[in-house]
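Okay, query_21.cif now, which holds mmCIF, C-alpha atoms:
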```
data_final
#
loop_
_atom_site.label_atom_id
_atom_site.label_comp_id
_atom_site.auth_asym_id
_atom_site.auth_seq_id
_atom_site.Cartn_x
_atom_site.Cartn_y
_atom_site.Cartn_z
CA MET W 1 0.00 0.00 0.00
CA GLU W 2 1.32 3.44 -0.96
CA TYR W 3 1.31 6.01 1.81
CA GLN W 4 1.47 9.79 1.48
CA ASN W 5 2.39 12.53 3.92
CA GLU W 6 -0.60 13.47 6.00
CA THR W 7 -1.05 16.66 8.01
CA LYS W 8 -3.10 16.44 11.18
CA ASN W 9 -4.12 18.89 13.86
CA CYS W 10 -2.98 18.00 17.37
CA GLN W 11 -5.91 17.37 19.72
CA ASN W 12 -3.93 18.87 22.60
CA CYS W 13 -2.04 21.98 21.42
CA LYS W 14 -4.10 22.47 18.21
CA LYS W 15 -0.97 22.82 16.05
CA ASP W 16 -0.52 20.98 12.76
CA PHE W 17 1.96 18.13 12.46
CA THR W 18 2.94 15.78 9.64
CA ILE W 19 2.88 11.99 9.60
CA GLU W 20 5.43 10.56 7.15
CA PRO W 21 4.86 7.44 4.98
CA GLU W 22 7.45 5.52 7.03
CA ASP W 23 5.44 6.31 10.16
CA PHE W 24 2.28 4.84 8.64
CA LYS W 25 4.18 1.67 7.78
CA PHE W 26 5.35 1.38 11.37
CA TYR W 27 1.83 1.91 12.75
CA GLU W 28 0.51 -0.75 10.40
CA LYS W 29 3.24 -3.17 11.48
CA MET W 30 2.44 -2.54 15.16
CA LYS W 31 -1.30 -2.67 14.45
CA VAL W 32 -1.99 0.68 16.11
CA SER W 33 -3.83 3.78 14.94
CA PRO W 34 -1.94 6.90 13.78
CA PRO W 35 -1.36 9.45 16.57
CA THR W 36 -3.75 12.29 17.28
CA PHE W 37 -1.18 14.23 19.34
CA CYS W 38 1.85 15.96 17.81
CA PRO W 39 5.36 14.65 18.61
CA PHE W 40 5.99 17.34 21.24
CA CYS W 41 2.76 16.65 23.11
CA ARG W 42 3.42 12.89 22.94
CA MET W 43 6.85 13.55 24.45
CA GLN W 44 5.25 15.58 27.26
CA ARG W 45 2.94 12.69 28.08
CA ARG W 46 5.90 10.31 28.27
CA PHE W 47 7.83 12.69 30.52
CA ILE W 48 5.03 13.04 33.09
CA HIS W 49 5.48 9.40 34.07
CA ARG W 50 7.73 10.60 36.92
CA ASN W 51 8.40 14.05 38.30
CA GLU W 52 12.00 14.53 39.41
CA ARG W 53 12.36 18.29 39.52
CA LYS W 54 9.45 20.07 41.20
CA LEU W 55 7.46 20.15 44.40
CA PHE W 56 3.87 21.36 44.67
CA LYS W 57 1.96 22.65 47.70
CA VAL W 58 -1.23 20.59 47.99
CA GLU W 59 -3.84 19.73 50.60
CA ASP W 60 -3.67 16.43 52.48
CA ILE W 61 -7.02 14.76 51.79
CA PHE W 62 -7.10 13.15 55.24
CA THR W 63 -6.16 16.13 57.42
CA GLY W 64 -6.66 19.19 55.20
CA GLN W 65 -3.13 20.34 56.07
CA GLY W 66 -0.87 21.88 53.43
CA ILE W 67 1.90 19.47 52.38
CA PHE W 68 4.51 19.32 49.63
CA SER W 69 4.06 16.74 46.92
CA LEU W 70 5.52 15.45 43.67
CA TYR W 71 1.99 15.60 42.27
CA PRO W 72 0.21 18.93 41.58
CA ALA W 73 -3.34 19.52 42.71
CA GLU W 74 -4.38 19.56 39.04
CA SER W 75 -3.44 15.89 38.75
CA GLY W 76 -6.67 14.90 40.46
CA ARG W 77 -4.81 12.52 42.80
CA LYS W 78 -5.75 12.11 46.45
CA ILE W 79 -2.46 12.97 48.13
CA ILE W 80 -1.45 12.12 51.70
CA THR W 81 1.82 12.02 53.61
CA GLN W 82 4.01 8.97 53.37
CA GLU W 83 3.53 8.35 57.11
CA GLU W 84 -0.24 8.23 56.60
CA TRP W 85 0.11 6.01 53.55
CA ASN W 86 2.15 3.47 55.54
CA GLY W 87 -0.10 3.78 58.61
CA ASP W 88 -3.21 1.92 59.72
CA SER W 89 -5.69 4.80 59.59
CA TRP W 90 -7.07 3.68 56.23
CA ASP W 91 -7.71 0.43 54.37
CA ALA W 92 -6.68 0.26 50.71
CA MET W 93 -9.08 -2.64 50.16
CA GLU W 94 -11.96 -0.20 50.54
CA TYR W 95 -11.09 1.03 47.05
CA ALA W 96 -11.15 -2.42 45.45
CA CYS W 97 -13.41 -2.81 42.42
CA ASP W 98 -14.21 -5.34 39.73
CA ILE W 99 -13.06 -5.02 36.13
CA ASP W 100 -15.73 -3.87 33.71
CA PHE W 101 -14.97 -5.75 30.51
CA SER W 102 -17.25 -3.44 28.54
CA LYS W 103 -14.88 -0.49 29.13
CA PRO W 104 -11.22 0.03 28.12
CA PHE W 105 -8.91 -1.34 30.82
CA LEU W 106 -6.54 1.65 30.93
CA GLU W 107 -9.45 4.03 31.48
CA GLN W 108 -10.45 1.98 34.50
CA ILE W 109 -6.88 2.04 35.81
CA LEU W 110 -6.88 5.85 35.57
CA GLU W 111 -10.20 6.05 37.42
CA LEU W 112 -8.85 3.80 40.16
CA GLU W 113 -5.62 5.81 40.48
CA LYS W 114 -7.63 8.97 41.09
CA LYS W 115 -9.68 7.26 43.82
CA VAL W 116 -6.88 5.64 45.82
CA PRO W 117 -4.68 7.92 47.99
CA ILE W 118 -1.02 8.21 47.02
CA PHE W 119 1.96 9.26 49.16
CA ASN W 120 3.43 12.67 48.51
CA LEU W 121 7.23 12.44 48.20
CA ASN W 122 8.47 8.83 47.86
CA VAL W 123 11.31 9.12 50.39
CA GLU W 124 12.75 7.06 53.25
CA PHE W 125 15.44 7.33 55.93
CA MET W 126 15.62 11.11 55.58
CA ILE W 127 17.21 13.48 58.13
CA ASP W 128 16.40 17.20 57.96
CA SER W 129 15.69 17.02 54.23
CA PRO W 130 11.96 17.80 53.92
CA TYR W 131 12.06 19.38 50.45
CA SER W 132 13.44 16.45 48.45
CA GLY W 133 11.72 13.64 46.54
CA ASN W 134 12.33 10.19 45.09
CA ALA W 135 15.20 9.89 47.55
CA THR W 136 16.71 7.66 50.24
CA GLY W 137 19.04 8.38 53.12
CA LEU W 138 19.61 12.12 52.65
CA LYS W 139 20.90 14.30 55.50
CA ASN W 140 20.68 18.09 55.56
CA CYS W 141 19.82 18.23 51.84
CA TYR W 142 17.60 20.72 50.03
CA LEU W 143 15.78 20.18 46.73
CA CYS W 144 17.59 16.97 45.82
CA PHE W 145 15.71 14.48 43.68
CA ASN W 146 16.38 10.93 42.57
CA SER W 147 19.29 10.98 45.04
CA ASN W 148 20.57 8.61 47.68
CA HIS W 149 22.79 8.61 50.78
CA SER W 150 24.15 12.13 50.40
CA GLU W 151 24.80 14.87 52.95
CA ASP W 152 24.78 18.68 52.89
CA CYS W 153 23.82 18.86 49.19
CA MET W 154 21.48 21.26 47.40
CA TYR W 155 19.73 21.60 44.02
CA GLY W 156 20.72 18.18 42.67
CA ASN W 157 19.39 15.33 40.60
CA ALA W 158 20.82 11.81 40.82
CA VAL W 159 23.32 12.81 43.51
CA ASP W 160 24.44 9.57 45.16
CA GLN W 161 26.80 9.18 48.12
CA CYS W 162 28.06 12.75 47.85
CA LYS W 163 28.80 15.54 50.32
CA ASP W 164 28.76 19.34 50.10
CA CYS W 165 27.71 19.38 46.42
CA ILE W 166 25.50 22.07 44.84
CA ASP W 167 23.79 22.32 41.43
CA ASN W 168 24.85 18.95 40.04
CA SER W 169 23.27 16.15 38.06
CA HIS W 170 24.23 12.48 37.90
CA ILE W 171 27.24 12.49 40.19
CA SER W 172 28.35 9.87 42.70
CA HIS W 173 30.96 9.43 45.45
CA SER W 174 31.99 13.07 45.04
CA GLU W 175 32.57 16.02 47.36
CA ARG W 176 32.53 19.83 47.10
CA CYS W 177 31.50 19.86 43.42
CA TYR W 178 29.47 22.60 41.72
CA GLU W 179 27.56 22.90 38.42
CA SER W 180 28.83 19.55 37.14
CA PHE W 181 27.36 16.57 35.32
CA TRP W 182 28.17 12.86 35.29
CA LEU W 183 31.03 12.73 37.78
CA GLN W 184 32.37 9.82 39.77
CA ASN W 185 34.89 9.94 42.62
CA CYS W 186 35.64 13.64 42.16
CA TYR W 187 36.63 16.38 44.60
CA GLN W 188 36.28 20.14 44.12
CA CYS W 189 35.33 19.98 40.45
CA TYR W 190 33.47 22.94 38.98
CA PHE W 191 31.57 23.28 35.67
CA THR W 192 32.91 19.86 34.69
CA LYS W 193 31.22 16.95 32.95
CA MET W 194 31.74 13.25 32.24
CA SER W 195 34.84 12.90 34.42
CA ALA W 196 36.07 10.52 37.13
CA ASP W 197 38.70 10.07 39.82
CA SER W 198 39.79 13.71 39.59
CA ARG W 199 40.16 16.80 41.77
CA ASN W 200 40.37 20.57 41.40
CA LEU W 201 39.03 20.70 37.85
CA TRP W 202 37.49 23.79 36.24
CA PHE W 203 35.56 23.75 32.94
CA CYS W 204 36.74 20.25 32.01
CA ARG W 205 35.28 17.32 30.16
CA ASP W 206 36.20 13.63 29.80
CA CYS W 207 38.97 13.74 32.41
CA VAL W 208 40.22 10.75 34.41
CA TRP W 209 42.86 10.67 37.11
CA MET W 210 43.52 14.42 36.83
#
```

Produce C-alpha cells that represent the structure in this file.
Amino acid sequence: MEYQNETKNCQNCKKDFTIEPEDFKFYEKMKVSPPTFCPFCRMQRRFIHRNERKLFKVEDIFTGQGIFSLYPAESGRKIITQEEWNGDSWDAMEYACDIDFSKPFLEQILELEKKVPIFNLNVEFMIDSPYSGNATGLKNCYLCFNSNHSEDCMYGNAVDQCKDCIDNSHISHSERCYESFWLQNCYQCYFTKMSADSRNLWFCRDCVWM
C-alpha cells in the first residue's frame, strides 16, 4: 500500500503536524492507529510518568493540612503524607473494584488511580531534608531528587553518596562539586562533565585521574 504525507491537527495543542509514509508503515506493522497528538505533546505525556524536579503545595485529603508533593493539585490525585500512607488509619481494600470488561482497561486504571490515595514524596530514611523527593538516606539536603545517601547537598538530581555538592546532576561518590554533570569519585570539580577520579578541575570534560 502506498502512503502519502498526511497533516493532522494535534488534539492537545491544536498545532498541525505531519505523519510521514514511514510512520504509517510502522503503525501498520504494530497494528496501532496513527497518533492524534503531535510529537511534542506525545513527548510531554511520556515525561510526566515521573516528576524529578518540582514540588507542589497541595492539601492532604485526610487532614486538610498543606503538604509538599511530587503531584500537583491539578493531577486529580488524592495525596497524603508517606507516614499516613504506611499507617493503619485507612484500608486500601476499601477502594477495590471489579473489572468492567465493557470499558477500556486503561481508562479503569486511571479512574482507580484517582480514587486511591497516594503518598506525597516517595522518600525514606531522611534526616532534615523535607524538600526532596524520590530519595533515600539524605541528610541536611535541600531540593535533591532521585538521590541517595548524600549529605549537605542542594539543588541536585541523581546525587548519590556525595557531600557538600551544589547544582549537580548524575554524580556519585563526590565532594565539594558545583555545576557539574556525570562525575564519579571527584573532589572540588566545577563546571565539569563526564569525568572521574579527579580533583580541582574547572571547565573540564572527559577527564580521568587528573

What lies within 10 Å of range 8-18 of chain W using only C-alpha atoms, ignoring chain neighbours under 4 positions off, as a VMD selection string?
chain W and resid 23 34 to 42

Up to 10 Å from (34.7, 12.6, 37.3) in the file's coordinates: name the residues, counting only C-alpha atoms, as a PyMOL selection string.
chain W and resi 171-174+180-187+189+192-199+201+204-210

Selection under test: the PyMOL selection byres ((chain W and resi 130) around 12); residues as a ChimeraX atom specification:
/W:55,67-69,81-82,120-129,131-145

All residues 12 Å or closer to Ala96 in chain W, only C-alpha atoms, same chain fewer than 5 positions away omitted, as a PyMOL selection string:
chain W and resi 91+108-109+111-113+115-116

How many Å lie between CA of Asp98 in chain W and CA of Gly76 in chain W, rounded to one decimal?
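Interatomic distance, CA of Asp98 in chain W to CA of Gly76 in chain W: 21.6 Å.
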
Atom pair CA of Glu179 in chain W / CA of Val159 in chain W: separation (Å):
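Atom-to-atom, CA of Glu179 in chain W to CA of Val159 in chain W, that is 12.1 Å.
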
Kindly compute an axis-aligned box around the listed atoms of range 8-16 of chain W, allowing 5 Å on each side, and express its centre and edge lengths in Å to one decimal as lines of an AutoDock Vina configuration file.
```
center_x = -3.2
center_y = 19.6
center_z = 16.9
size_x = 15.4
size_y = 16.4
size_z = 21.4
```

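Using the PyMOL selection byres ((chain W and resi 59) around 9) on the file at hand returns these residues: Lys57, Val58, Asp60, Ile61, Phe62, Thr63, Gly64, Gln65, Gly66, Ile67, Phe68, Ala73, Lys78, Ile79 and Ile80 of chain W.
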
Okay, now the selection with C-alpha atoms, as a PDB file, in the coordinates of the input?
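Result written to part-v4.pdb:
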```
ATOM      1  CA  LYS W  57       1.960  22.650  47.700  1.00  0.00           C
ATOM      2  CA  VAL W  58      -1.230  20.590  47.990  1.00  0.00           C
ATOM      3  CA  ASP W  60      -3.670  16.430  52.480  1.00  0.00           C
ATOM      4  CA  ILE W  61      -7.020  14.760  51.790  1.00  0.00           C
ATOM      5  CA  PHE W  62      -7.100  13.150  55.240  1.00  0.00           C
ATOM      6  CA  THR W  63      -6.160  16.130  57.420  1.00  0.00           C
ATOM      7  CA  GLY W  64      -6.660  19.190  55.200  1.00  0.00           C
ATOM      8  CA  GLN W  65      -3.130  20.340  56.070  1.00  0.00           C
ATOM      9  CA  GLY W  66      -0.870  21.880  53.430  1.00  0.00           C
ATOM     10  CA  ILE W  67       1.900  19.470  52.380  1.00  0.00           C
ATOM     11  CA  PHE W  68       4.510  19.320  49.630  1.00  0.00           C
ATOM     12  CA  ALA W  73      -3.340  19.520  42.710  1.00  0.00           C
ATOM     13  CA  LYS W  78      -5.750  12.110  46.450  1.00  0.00           C
ATOM     14  CA  ILE W  79      -2.460  12.970  48.130  1.00  0.00           C
ATOM     15  CA  ILE W  80      -1.450  12.120  51.700  1.00  0.00           C
TER      16      ILE W  80
END
```

One decimal, in Å: what's the spacing between CA of Tyr155 in chain W and CA of Phe47 in chain W?
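Interatomic distance, CA of Tyr155 in chain W to CA of Phe47 in chain W: 20.1 Å.
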
Result set, the PyMOL selection byres ((chain W and resi 21) around 7) on current file, as an MDAnalysis selection string
chainID W and resid 3:5 19:20 22:25

Resulting file, chosen residues, C-alpha atoms, as a CSV table (one decimal), in the frame of the given file:
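What ended up in result.csv:
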```csv
chain,number,residue,atom,x,y,z
W,3,TYR,CA,1.3,6.0,1.8
W,4,GLN,CA,1.5,9.8,1.5
W,5,ASN,CA,2.4,12.5,3.9
W,19,ILE,CA,2.9,12.0,9.6
W,20,GLU,CA,5.4,10.6,7.2
W,22,GLU,CA,7.4,5.5,7.0
W,23,ASP,CA,5.4,6.3,10.2
W,24,PHE,CA,2.3,4.8,8.6
W,25,LYS,CA,4.2,1.7,7.8
```

If we count all atoms listed in the file and set the cut-off at 8 Å, which residues sit around Lys163 in chain W, ignoring sequence neighbours fewer than 3 positions away in its own chain? Please answer as number ranges by chain.
W: 150-153, 174-176

Near Trp90 in chain W, within 12 Å and counting all atoms listed in the file, which residues show up once chain neighbours fewer than 3 positions away are dropped, as a PyMOL selection string?
chain W and resi 61-62+80+83-87+93-95+116-118

Polymer residues at most 6 Å from Cys177 in chain W, all atoms listed in the file, same-chain spacing of 4 or more positions, as a list in words:
Cys165, Gln188, Cys189 and Tyr190 of chain W

Shortest contact to Ala158 in chain W, candidates W:Glu6, W:Glu52, W:Met1, W:Ile99, atoms counted all atoms listed in the file, goes to W:Glu52

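Counting all atoms listed in the file, the residue from W:Tyr178, W:Ile48, W:His170, W:Phe101 that sits nearest to Met154 in chain W is W:Tyr178.
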
Residue nearest Ile166 in chain W among W:Arg77, W:Glu28, W:Gln44, W:Phe191 (counting only C-alpha atoms):
W:Phe191

Could you rebuild range 181-201 of chain W with N, CA and C atoms and give me the result as a tab-separated table (two decimals), keeping the file's coordinate frame?
```
chain	number	residue	atom	x	y	z
W	181	PHE	N	28.24	17.63	35.83
W	181	PHE	CA	27.36	16.57	35.32
W	181	PHE	C	28.16	15.30	35.06
W	182	TRP	N	27.63	14.19	35.56
W	182	TRP	CA	28.17	12.86	35.29
W	182	TRP	C	29.61	12.73	35.82
W	183	LEU	N	29.74	12.89	37.13
W	183	LEU	CA	31.03	12.73	37.78
W	183	LEU	C	31.04	11.49	38.66
W	184	GLN	N	32.21	10.94	38.86
W	184	GLN	CA	32.37	9.82	39.77
W	184	GLN	C	33.72	9.95	40.49
W	185	ASN	N	33.67	9.85	41.81
W	185	ASN	CA	34.89	9.94	42.62
W	185	ASN	C	35.66	11.23	42.34
W	186	CYS	N	34.99	12.35	42.43
W	186	CYS	CA	35.64	13.64	42.16
W	186	CYS	C	35.59	14.54	43.41
W	187	TYR	N	36.54	15.47	43.47
W	187	TYR	CA	36.63	16.38	44.60
W	187	TYR	C	36.94	17.79	44.08
W	188	GLN	N	36.12	18.74	44.52
W	188	GLN	CA	36.28	20.14	44.12
W	188	GLN	C	36.41	20.30	42.59
W	189	CYS	N	35.40	19.81	41.91
W	189	CYS	CA	35.33	19.98	40.45
W	189	CYS	C	34.17	20.92	40.14
W	190	TYR	N	34.43	21.90	39.27
W	190	TYR	CA	33.47	22.94	38.98
W	190	TYR	C	33.23	23.05	37.47
W	191	PHE	N	31.94	23.14	37.09
W	191	PHE	CA	31.57	23.28	35.67
W	191	PHE	C	32.25	22.19	34.83
W	192	THR	N	32.21	20.98	35.32
W	192	THR	CA	32.91	19.86	34.69
W	192	THR	C	31.91	18.76	34.37
W	193	LYS	N	32.15	18.01	33.32
W	193	LYS	CA	31.22	16.95	32.95
W	193	LYS	C	31.97	15.68	32.52
W	194	MET	N	31.30	14.55	32.72
W	194	MET	CA	31.74	13.25	32.24
W	194	MET	C	33.20	12.97	32.62
W	195	SER	N	33.48	13.09	33.93
W	195	SER	CA	34.84	12.90	34.42
W	195	SER	C	34.82	12.01	35.66
W	196	ALA	N	36.00	11.45	36.00
W	196	ALA	CA	36.07	10.52	37.13
W	196	ALA	C	37.44	10.56	37.78
W	197	ASP	N	37.45	10.22	39.07
W	197	ASP	CA	38.70	10.07	39.82
W	197	ASP	C	39.61	11.29	39.66
W	198	SER	N	39.02	12.48	39.81
W	198	SER	CA	39.79	13.71	39.59
W	198	SER	C	39.50	14.71	40.70
W	199	ARG	N	40.35	15.75	40.79
W	199	ARG	CA	40.16	16.80	41.77
W	199	ARG	C	40.62	18.14	41.23
W	200	ASN	N	40.00	19.20	41.75
W	200	ASN	CA	40.37	20.57	41.40
W	200	ASN	C	40.31	20.84	39.90
W	201	LEU	N	39.22	20.43	39.28
W	201	LEU	CA	39.03	20.70	37.85
W	201	LEU	C	38.09	21.88	37.67
```
